[in-house]
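Source file: model_14.txt; contents: compact mmCIF, C-alpha atoms.
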# COMPACT_ATOMS: atom_id res chain seq x y z
CA MET A 222 64.81 94.59 68.95
CA SER A 223 65.25 97.49 71.43
CA ALA A 224 66.02 101.05 70.41
CA ALA A 225 69.50 100.68 71.91
CA GLU A 226 70.19 97.67 69.74
CA GLU A 227 68.96 99.51 66.64
CA THR A 228 71.02 102.67 67.15
CA THR A 229 74.25 101.29 68.61
CA PRO A 230 76.86 100.80 65.86
CA ARG A 231 77.79 97.19 65.31
CA PRO A 232 80.91 95.92 63.60
CA ALA A 233 80.34 94.97 59.98
CA ARG A 234 81.12 91.46 58.81
CA ALA A 235 83.98 91.03 56.40
CA ALA A 236 83.21 89.71 52.93
CA ALA A 237 84.45 86.20 52.21
CA ARG A 238 87.87 86.25 50.56
CA PRO A 239 91.06 84.18 50.58
CA ALA A 240 92.72 84.09 54.01
CA ALA A 241 95.88 85.85 52.75
CA GLU A 242 93.84 88.81 51.44
CA ARG A 243 91.13 89.00 54.09
CA GLN A 244 90.84 92.43 55.69
CA ALA A 245 89.37 93.20 59.09
CA PRO A 246 86.22 95.35 59.22
CA SER A 247 86.77 98.88 60.46
CA MET A 248 85.78 99.79 64.02
CA ASP A 249 84.14 103.21 64.45
CA LEU A 250 85.04 104.09 68.02
CA ALA A 251 84.04 107.74 67.51
CA ALA A 252 80.44 106.68 66.80
CA LEU A 253 80.53 104.16 69.65
CA ILE A 254 81.58 106.57 72.41
CA GLY A 255 79.42 109.37 71.03
CA ASP A 256 76.26 107.26 70.99
CA ALA A 257 73.98 108.14 73.92
CA ASP A 258 72.95 104.48 74.15
CA THR A 259 76.53 103.41 74.94
CA ARG A 260 76.73 103.51 78.74
CA ILE A 261 79.58 101.12 79.59
CA LEU A 262 82.80 100.44 77.70
CA VAL A 263 85.13 97.73 79.02
CA CYS A 264 88.74 97.70 77.81
CA CYS A 265 90.27 94.28 78.32
CA GLY A 266 93.28 92.24 77.27
CA SER A 267 96.48 90.81 78.69
CA GLY A 268 98.86 92.86 80.83
CA GLY A 269 101.21 95.42 79.31
CA VAL A 270 99.28 96.12 76.09
CA GLY A 271 98.16 99.68 76.92
CA LYS A 272 94.67 99.12 78.32
CA THR A 273 95.00 102.00 80.80
CA THR A 274 96.14 104.52 78.22
CA THR A 275 93.51 103.33 75.74
CA SER A 276 90.78 103.69 78.38
CA ALA A 277 91.92 107.19 79.30
CA ALA A 278 92.21 108.31 75.67
CA LEU A 279 88.70 107.08 74.87
CA ALA A 280 87.36 108.78 78.01
CA LEU A 281 89.00 112.06 76.97
CA ALA A 282 87.53 111.77 73.46
CA ALA A 283 84.05 111.09 74.89
CA ALA A 284 84.29 114.10 77.24
CA GLU A 285 85.35 116.33 74.35
CA ALA A 286 82.38 114.97 72.40
CA GLY A 287 80.06 116.29 75.12
CA ARG A 288 79.52 113.31 77.42
CA ARG A 289 79.88 113.11 81.21
CA VAL A 290 82.45 110.34 81.57
CA VAL A 291 84.18 108.48 84.38
CA VAL A 292 87.14 106.19 83.75
CA LEU A 293 87.82 103.49 86.34
CA THR A 294 91.37 102.17 86.33
CA ILE A 295 92.92 99.35 88.29
CA ASP A 296 96.51 100.24 87.30
CA PRO A 297 98.48 100.83 90.55
CA ALA A 298 101.40 102.51 88.75
CA ARG A 299 99.60 105.90 88.88
CA ARG A 300 100.61 106.76 85.29
CA LEU A 301 97.00 107.66 84.54
CA ALA A 302 96.87 110.26 87.32
CA GLN A 303 100.02 111.91 85.99
CA SER A 304 98.78 111.98 82.39
CA LEU A 305 95.50 113.55 83.54
CA GLY A 306 97.25 116.26 85.51
CA LEU A 307 96.25 114.90 88.92
CA VAL A 308 98.52 114.29 91.88
CA GLU A 309 96.82 110.99 92.61
CA LEU A 310 93.65 108.99 92.11
CA ASP A 311 91.61 107.21 94.75
CA ASN A 312 88.40 105.23 95.17
CA GLU A 313 86.14 108.20 94.40
CA PRO A 314 85.79 109.96 91.02
CA ARG A 315 87.86 113.14 90.65
CA ARG A 316 87.17 115.84 88.10
CA VAL A 317 89.83 116.29 85.42
CA ASP A 318 90.26 119.78 84.01
CA VAL A 319 89.92 119.50 80.22
CA PRO A 320 89.95 123.02 78.74
CA GLY A 321 87.39 123.49 76.01
CA ALA A 322 85.68 120.13 76.50
CA ALA A 323 81.94 120.10 75.88
CA GLY A 324 81.45 117.40 78.51
CA GLU A 325 83.14 116.33 81.74
CA LEU A 326 85.92 113.85 82.48
CA HIS A 327 86.29 112.17 85.87
CA ALA A 328 88.81 109.50 86.85
CA MET A 329 89.29 107.09 89.72
CA MET A 330 91.53 104.19 90.71
CA LEU A 331 90.07 101.12 92.40
CA ASP A 332 90.98 100.64 96.05
CA MET A 333 90.18 96.96 96.44
CA LYS A 334 90.08 96.83 100.24
CA ARG A 335 88.17 100.07 100.66
CA THR A 336 85.53 98.90 98.19
CA PHE A 337 85.12 95.62 100.10
CA ASP A 338 84.94 97.53 103.40
CA ASP A 339 82.22 99.78 101.99
CA ILE A 340 80.20 96.72 100.95
CA VAL A 341 80.44 95.28 104.46
CA VAL A 342 79.38 98.55 106.09
CA SER A 343 76.52 99.10 103.64
CA HIS A 344 75.02 95.62 103.97
CA SER A 345 75.28 94.83 107.67
CA THR A 346 74.59 96.37 111.07
CA PRO A 347 77.32 98.51 112.70
CA GLU A 348 78.07 95.75 115.24
CA ARG A 349 78.30 93.04 112.59
CA ALA A 350 80.40 95.26 110.34
CA GLU A 351 82.87 95.89 113.17
CA GLN A 352 83.26 92.13 113.75
CA ILE A 353 83.88 91.47 110.07
CA LEU A 354 86.34 94.33 109.51
CA ALA A 355 88.42 93.23 112.52
CA ASN A 356 88.54 89.57 111.47
CA PRO A 357 92.05 88.45 110.34
CA PHE A 358 90.66 86.19 107.63
CA TYR A 359 88.56 89.03 106.20
CA GLN A 360 91.57 91.34 106.20
CA THR A 361 93.49 88.82 104.11
CA LEU A 362 90.53 88.11 101.84
CA SER A 363 89.85 91.79 101.18
CA SER A 364 93.44 92.73 100.36
CA SER A 365 95.20 89.80 98.74
CA PHE A 366 92.89 86.86 98.01
CA SER A 367 93.02 85.64 94.40
CA GLY A 368 90.16 87.06 92.36
CA THR A 369 89.17 89.75 94.87
CA GLN A 370 90.54 92.58 92.74
CA GLU A 371 88.57 91.51 89.69
CA TYR A 372 85.39 91.04 91.74
CA MET A 373 85.74 94.45 93.41
CA ALA A 374 86.22 96.08 90.01
CA MET A 375 82.84 94.66 89.04
CA GLU A 376 81.31 95.77 92.35
CA LYS A 377 82.52 99.31 91.72
CA LEU A 378 81.19 99.19 88.17
CA GLY A 379 77.79 98.17 89.51
CA GLN A 380 77.83 101.05 92.01
CA LEU A 381 78.75 103.59 89.34
CA ARG A 382 76.04 102.37 86.99
CA ALA A 383 73.40 102.29 89.72
CA SER A 384 74.07 105.95 90.62
CA ASP A 385 72.99 106.99 87.08
CA THR A 386 75.38 109.95 87.32
CA TRP A 387 77.46 109.15 84.26
CA ASP A 388 76.66 109.17 80.57
CA LEU A 389 79.54 106.75 80.00
CA ILE A 390 81.61 104.51 82.28
CA ILE A 391 84.91 103.24 80.89
CA VAL A 392 86.55 100.36 82.75
CA ASP A 393 90.23 99.52 82.53
CA THR A 394 90.23 95.87 83.57
CA PRO A 395 92.74 94.45 86.08
CA PRO A 396 96.13 93.22 84.88
CA SER A 397 95.54 89.47 85.16
CA ARG A 398 97.54 86.43 84.12
CA SER A 399 94.61 85.65 81.89
CA ALA A 400 92.14 88.14 80.47
CA LEU A 401 89.40 85.60 81.22
CA ASP A 402 89.79 86.21 84.97
CA PHE A 403 87.73 89.38 84.66
CA LEU A 404 84.66 87.53 83.40
CA ASP A 405 85.08 84.70 85.89
CA ALA A 406 85.57 86.89 88.98
CA PRO A 407 81.93 87.57 90.00
CA ASN A 408 80.89 83.91 89.84
CA ARG A 409 84.14 82.78 91.46
CA MET A 410 83.67 85.10 94.42
CA SER A 411 80.01 84.14 94.69
CA ARG A 412 80.87 80.43 94.70
CA PHE A 413 83.56 80.99 97.32
CA LEU A 414 81.29 82.88 99.71
CA ASP A 415 78.15 80.88 99.08
CA GLY A 416 79.29 77.35 98.30
CA THR A 417 80.13 73.96 99.74
CA MET A 418 83.12 75.25 101.71
CA ILE A 419 80.99 77.78 103.57
CA ARG A 420 78.38 75.15 104.44
CA LEU A 421 81.06 72.86 105.84
CA LEU A 422 82.68 75.68 107.79
CA THR A 423 79.38 76.52 109.46
CA ALA A 424 78.66 72.86 110.24
CA PRO A 425 80.18 73.04 113.78
CA ALA A 426 77.89 75.89 114.73
CA ARG A 427 74.86 74.06 113.36
CA ALA A 428 75.76 70.69 114.91
CA GLY A 429 77.12 72.06 118.18
CA GLY A 430 79.60 70.41 120.53
CA ARG A 431 82.75 68.38 119.90
CA ALA A 432 81.15 66.16 117.26
CA GLY A 433 80.51 69.09 114.95
CA PHE A 434 84.01 70.47 115.42
CA LYS A 435 85.50 67.03 114.81
CA PHE A 436 83.50 66.73 111.57
CA ALA A 437 84.66 70.14 110.29
CA SER A 438 88.26 69.47 111.31
CA ALA A 439 88.31 66.17 109.46
CA GLY A 440 86.70 67.66 106.37
CA PHE A 441 89.12 70.55 106.18
CA MET A 442 92.36 69.04 107.48
CA ILE A 443 94.06 69.12 104.08
CA PHE A 444 92.66 72.55 103.23
CA THR A 445 93.81 73.95 106.58
CA ARG A 446 97.35 72.59 106.19
CA ILE A 447 97.72 74.24 102.80
CA ILE A 448 96.23 77.63 103.47
CA SER A 449 97.62 77.96 107.00
CA LYS A 450 101.07 78.28 105.46
CA VAL A 451 99.85 81.55 103.98
CA LEU A 452 97.56 82.89 106.69
CA GLY A 453 99.22 81.52 109.84
CA GLY A 454 97.67 80.00 112.95
CA GLN A 455 94.11 80.13 114.21
CA LEU A 456 92.94 79.82 110.62
CA LEU A 457 89.89 77.69 111.19
CA ARG A 458 88.73 79.82 114.11
CA ASP A 459 89.17 83.03 112.09
CA ILE A 460 87.33 81.60 109.09
CA SER A 461 84.49 80.28 111.22
CA ALA A 462 84.10 83.64 112.94
CA PHE A 463 84.19 85.39 109.58
CA VAL A 464 81.57 83.06 108.12
CA SER A 465 79.32 83.45 111.15
CA ALA A 466 79.53 87.27 111.02
CA LEU A 467 79.05 87.43 107.25
CA ASP A 468 76.26 84.87 107.05
CA THR A 469 73.48 87.38 106.34
CA MET A 470 75.45 88.90 103.44
CA PHE A 471 75.88 85.73 101.33
CA GLY A 472 72.67 86.23 99.41
CA GLY A 473 73.66 89.80 98.62
CA PHE A 474 77.00 88.72 97.20
CA ARG A 475 75.30 86.18 94.97
CA GLU A 476 72.62 88.61 93.80
CA ARG A 477 75.11 91.38 93.01
CA ALA A 478 77.41 88.96 91.19
CA THR A 479 74.51 87.82 89.02
CA ALA A 480 73.30 91.38 88.41
CA THR A 481 76.78 92.59 87.46
CA TYR A 482 77.28 89.71 85.07
CA GLU A 483 73.96 90.44 83.39
CA LEU A 484 74.85 94.14 83.22
CA LEU A 485 77.77 93.21 80.97
CA ARG A 486 75.39 91.52 78.52
CA ARG A 487 72.81 94.28 78.23
CA PRO A 488 72.48 96.62 75.24
CA GLY A 489 74.62 99.69 75.91
CA THR A 490 77.62 97.72 77.17
CA TRP A 491 80.54 97.09 74.81
CA PHE A 492 83.87 95.32 75.13
CA VAL A 493 87.01 96.57 73.41
CA VAL A 494 89.86 94.07 73.36
CA VAL A 495 93.33 95.64 73.41
CA ALA A 496 96.44 93.84 72.16
CA THR A 497 99.87 94.60 70.76
CA PRO A 498 101.16 93.04 67.52
CA GLU A 499 102.90 90.23 69.41
CA PRO A 500 101.99 86.52 69.29
CA ASP A 501 101.24 86.14 73.01
CA ALA A 502 99.09 89.28 73.23
CA LEU A 503 97.08 88.35 70.13
CA ARG A 504 96.68 84.79 71.35
CA GLU A 505 95.21 86.13 74.61
CA ALA A 506 92.98 88.48 72.62
CA SER A 507 91.76 85.54 70.55
CA TYR A 508 90.83 83.61 73.70
CA PHE A 509 88.91 86.61 75.00
CA VAL A 510 87.03 87.10 71.72
CA ASP A 511 85.98 83.45 71.80
CA ARG A 512 84.85 83.73 75.41
CA LEU A 513 82.85 86.90 74.80
CA SER A 514 81.15 85.22 71.86
CA SER A 515 80.30 82.11 73.85
CA GLU A 516 78.84 84.23 76.67
CA GLY A 517 76.79 86.36 74.28
CA MET A 518 78.56 89.57 75.31
CA PRO A 519 78.83 92.51 72.89
CA LEU A 520 82.25 92.97 71.28
CA ALA A 521 83.05 96.27 69.55
CA GLY A 522 86.37 95.06 68.15
CA LEU A 523 90.13 94.88 68.64
CA VAL A 524 92.52 97.79 69.21
CA LEU A 525 95.90 96.73 67.82
CA ASN A 526 98.08 99.03 69.88
CA ARG A 527 101.71 100.13 69.42
CA THR A 528 102.06 99.31 65.75
CA HIS A 529 104.95 100.65 63.65
CA PRO A 530 103.68 101.88 60.26
CA PRO A 531 106.42 103.27 57.97
CA ALA A 532 106.49 106.92 56.89
CA SER A 533 105.97 105.78 53.30
CA THR A 534 104.78 102.49 51.82
CA ARG A 535 105.89 103.13 48.24
CA LEU A 536 109.37 101.65 48.69
CA SER A 537 109.59 98.00 49.74
CA ALA A 538 112.11 96.73 52.27
CA THR A 539 113.97 94.80 49.58
CA ARG A 540 114.27 97.75 47.22
CA ALA A 541 115.31 100.07 50.06
CA GLU A 542 118.04 97.67 51.18
CA THR A 543 119.27 97.25 47.61
CA ALA A 544 119.39 101.01 47.10
CA ALA A 545 121.26 101.45 50.38
CA GLU A 546 123.89 98.92 49.33
CA ALA A 547 124.29 100.57 45.93
CA ALA A 548 124.67 104.01 47.51
CA ALA A 549 127.27 102.71 49.97
CA GLU A 550 129.28 101.15 47.14
CA THR A 551 129.31 104.26 44.90
CA GLY A 552 129.32 107.01 47.48
CA ASP A 553 133.11 107.22 47.89
CA GLY A 554 132.76 108.44 51.44
CA ASP A 555 130.39 111.29 50.62
CA PRO A 556 128.61 112.16 53.94
CA ALA A 557 125.36 112.99 52.12
CA VAL A 558 125.33 109.64 50.36
CA ALA A 559 126.16 107.83 53.59
CA LEU A 560 123.26 109.62 55.28
CA ALA A 561 120.91 108.62 52.46
CA ALA A 562 122.09 105.00 52.70
CA GLY A 563 121.44 105.04 56.44
CA ALA A 564 117.94 106.43 55.95
CA LEU A 565 117.19 103.72 53.40
CA ARG A 566 118.30 101.02 55.84
CA VAL A 567 116.11 102.50 58.59
CA HIS A 568 113.18 102.45 56.18
CA ALA A 569 113.92 98.83 55.25
CA GLU A 570 113.94 97.82 58.94
CA ARG A 571 110.67 99.67 59.54
CA MET A 572 109.03 98.01 56.54
CA THR A 573 110.21 94.59 57.74
CA LEU A 574 108.79 95.23 61.22
CA ALA A 575 105.50 96.53 59.79
CA ALA A 576 105.22 93.47 57.53
CA ARG A 577 105.69 91.18 60.55
CA GLU A 578 102.99 93.07 62.49
CA GLN A 579 100.63 92.93 59.52
CA ARG A 580 101.11 89.16 59.19
CA LEU A 581 100.18 88.72 62.85
CA ALA A 582 97.12 90.95 62.39
CA ASP A 583 96.11 89.00 59.29
CA ARG A 584 96.41 85.75 61.21
CA PHE A 585 94.05 87.11 63.89
CA THR A 586 91.59 88.33 61.24
CA SER A 587 91.72 84.98 59.47
CA ALA A 588 90.57 83.33 62.72
CA HIS A 589 88.04 86.10 63.55
CA PRO A 590 86.91 87.71 60.27
CA GLU A 591 83.88 89.35 61.89
CA VAL A 592 85.90 91.31 64.48
CA GLY A 593 86.51 94.97 63.66
CA MET A 594 90.03 96.36 64.13
CA ARG A 595 91.73 99.69 64.73
CA ALA A 596 95.54 99.89 64.45
CA VAL A 597 97.11 102.54 66.69
CA PRO A 598 100.74 103.61 66.06
CA ALA A 599 103.20 103.49 68.94
CA ALA A 600 103.84 106.85 70.61
CA ALA A 601 107.32 108.34 70.49
CA GLY A 602 107.50 108.08 74.29
CA ASP A 603 105.36 107.45 77.35
CA VAL A 604 102.02 109.23 77.42
CA HIS A 605 102.36 111.62 80.34
CA ASP A 606 99.92 114.50 79.70
CA LEU A 607 96.59 115.40 78.12
CA ASP A 608 98.24 116.25 74.82
CA GLY A 609 99.65 112.73 74.60
CA LEU A 610 96.24 111.25 75.43
CA ARG A 611 94.61 113.49 72.84
CA THR A 612 97.05 112.27 70.16
CA MET A 613 96.17 108.67 70.99
CA ALA A 614 92.46 109.53 71.03
CA GLU A 615 92.76 110.91 67.51
CA ALA A 616 94.37 107.66 66.38
CA LEU A 617 91.55 105.69 68.04
CA THR A 618 88.65 107.76 66.75
CA GLY A 619 89.89 109.49 63.58
CA PRO A 620 88.46 108.81 60.12
CA ASP A 621 89.50 105.43 58.79
CA ALA A 622 91.64 106.64 55.87
CA ASP A 623 92.92 109.85 57.48
CA THR A 624 96.55 108.75 57.91
CA PRO A 625 99.82 110.20 56.56
CA THR A 626 100.12 107.37 54.03
CA GLY A 627 96.42 106.88 53.37
CA VAL A 628 96.57 103.31 54.72
CA PRO A 629 93.25 102.51 56.46
CA ARG A 630 93.44 102.49 60.24
CA THR A 631 92.49 98.82 60.19
CA ARG A 632 95.96 97.99 58.84
CA VAL A 633 99.67 98.59 59.34
CA LEU A 634 100.51 98.22 55.63
CA PRO A 635 98.31 98.53 52.52
CA ALA A 636 96.44 95.44 51.40
CA ARG A 637 98.06 93.53 48.56
CA ARG A 638 96.53 94.06 45.17
CA ALA A 639 94.70 91.13 43.62

Now that the file is in, can you turn its structure into structure tokens?
Amino acid sequence: MSAAEETTPRPARAAARPAAERQAPSMDLAALIGDADTRILVCCGSGGVGKTTTSAALALAAAEAGRRVVVLTIDPARRLAQSLGLVELDNEPRRVDVPGAAGELHAMMLDMKRTFDDIVVSHSTPERAEQILANPFYQTLSSSFSGTQEYMAMEKLGQLRASDTWDLIIVDTPPSRSALDFLDAPNRMSRFLDGTMIRLLTAPARAGGRAGFKFASAGFMIFTRIISKVLGGQLLRDISAFVSALDTMFGGFRERATATYELLRRPGTWFVVVATPEPDALREASYFVDRLSSEGMPLAGLVLNRTHPPASTRLSATRAETAAEAAAETGDGDPAVALAAGALRVHAERMTLAAREQRLADRFTSAHPEVGMRAVPAAAGDVHDLDGLRTMAEALTGPDADTPTGVPRTRVLPARRA
């Protein structure tokens, strides 16, 4: 076992217990981001669960812990730039001013096309690069082709890691229909650029003359009809020219895709799955946990984001509702009593919501008892500044039992007594 494997904190396994009482192991994110052996942290999950804010909050916490951090986001809404006090983010890391931080925080937003352009320029001659960049098919591929965004995120990750400038790289994965797209992207792009289709497209050039063109046209008649509706005329000619110009780069794409995929499996890389306490988000998280396990990739645990813990857990929803009804019946219009009854009803609604969220969390833990969890309360509003990020960072990295109600941060409500 390597030193990185020995020192990097790993989620503890939960003791066997009945499914209804099973509790998730705690996830120590403070130890994870503070460990010098942790070099890459990938935040993943379905869209709309708070991956970008989680990534930024963890990056801020790591910088304040003394590490030189860069957070790579793919969120085009620019909320991250605003919360970090920047006018905008682009394809190069920008320093974020964090007063009092022992380390440094840098942030960047992936520019998919610019990253692809940089790859072309770096791995071909100036003349060949000019041909590729001007090709209509390349322009479509580099800006809107399915899977390109996910692949370019991995390309940028590889570039950042190869520079050895950063103590920690935190990646906010692309908002995909399926969280699994992120893992599939490198191999999908490699297969596209270095597979059967490419060999058939280059067949006319190899065979020469009308016979070769006739063979390629017959083989790709159906393909051309479908994709021409999107890309317009001269499709086959554009693709053939693109393939011919890019021919020397195919091996590089394949090698980088393989290297990036292996980078995700090395000691020092960790995945954090982010979900909200909703059935669809937790179902997607469950798929991702299974996929990471099957691929042998290191999972730190699940961040259950935007939970709604009550201010107190001593009064159940049923008792609060009963007390509210009794107060309303005996209050005789007293404003103070009416206010108390209203507060009791609000508490009952909050307890009911928290109980629903806890049931969903328990269901996930029942299916994945070895996966650590950290429940993060919903913010009062949108996170729009460093103070908001710092509040979320405290919820992500604070001591497990340091909550207003004493409920461990692995849960929304206290565990039931045996």

* **Counting all atoms listed in the file, the option among A:Leu560, A:Val604, A:Ala575, A:Ala569 closest to Thr273 (chain A)** =>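 Answer, going by the shortest atom-to-atom distance: A:Val604.
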
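Counting from CA of Phe509 (chain A), the distance to CA of Pro530 (chain A) is 25.9 Å.
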
* To do: Just give me the gap between CA of Ser365 (chain A) and CA of Ala406 (chain A) in Å, one decimal is fine.
  =>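 Going from CA of Ser365 (chain A) over to CA of Ala406 (chain A), I get 14.0 Å.
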
* Asked: Hey, which of A:Asn526, A:Ser304, A:Ser384, A:Thr294 ends up closest to Arg611 (chain A)? Count only C-alpha atoms.
  ->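 Looking only at the distances to Arg611 (chain A), the closest residue turns out to be A:Ser304.
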
* To do: Identify which of the residues A:Ala636, A:Leu331, A:Val291, A:Leu326 lies closest to Gly306 (chain A), counting all atoms listed in the file when measuring atom-to-atom distances.
  =>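 Of all the options, A:Leu326 lies closest to Gly306 (chain A).
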
* State, in Å with one decimal place, the distance from CA of Ala245 (chain A) to CA of Thr490 (chain A). =>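 Computing the Euclidean distance for CA of Ala245 (chain A) and CA of Thr490 (chain A) yields 22.0 Å.
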
* Structure fact -> From the list A:Thr394, A:Ser514, A:Gln380, A:Thr612, the nearest residue to Arg477 (chain A) using all atoms listed in the file is A:Gln380
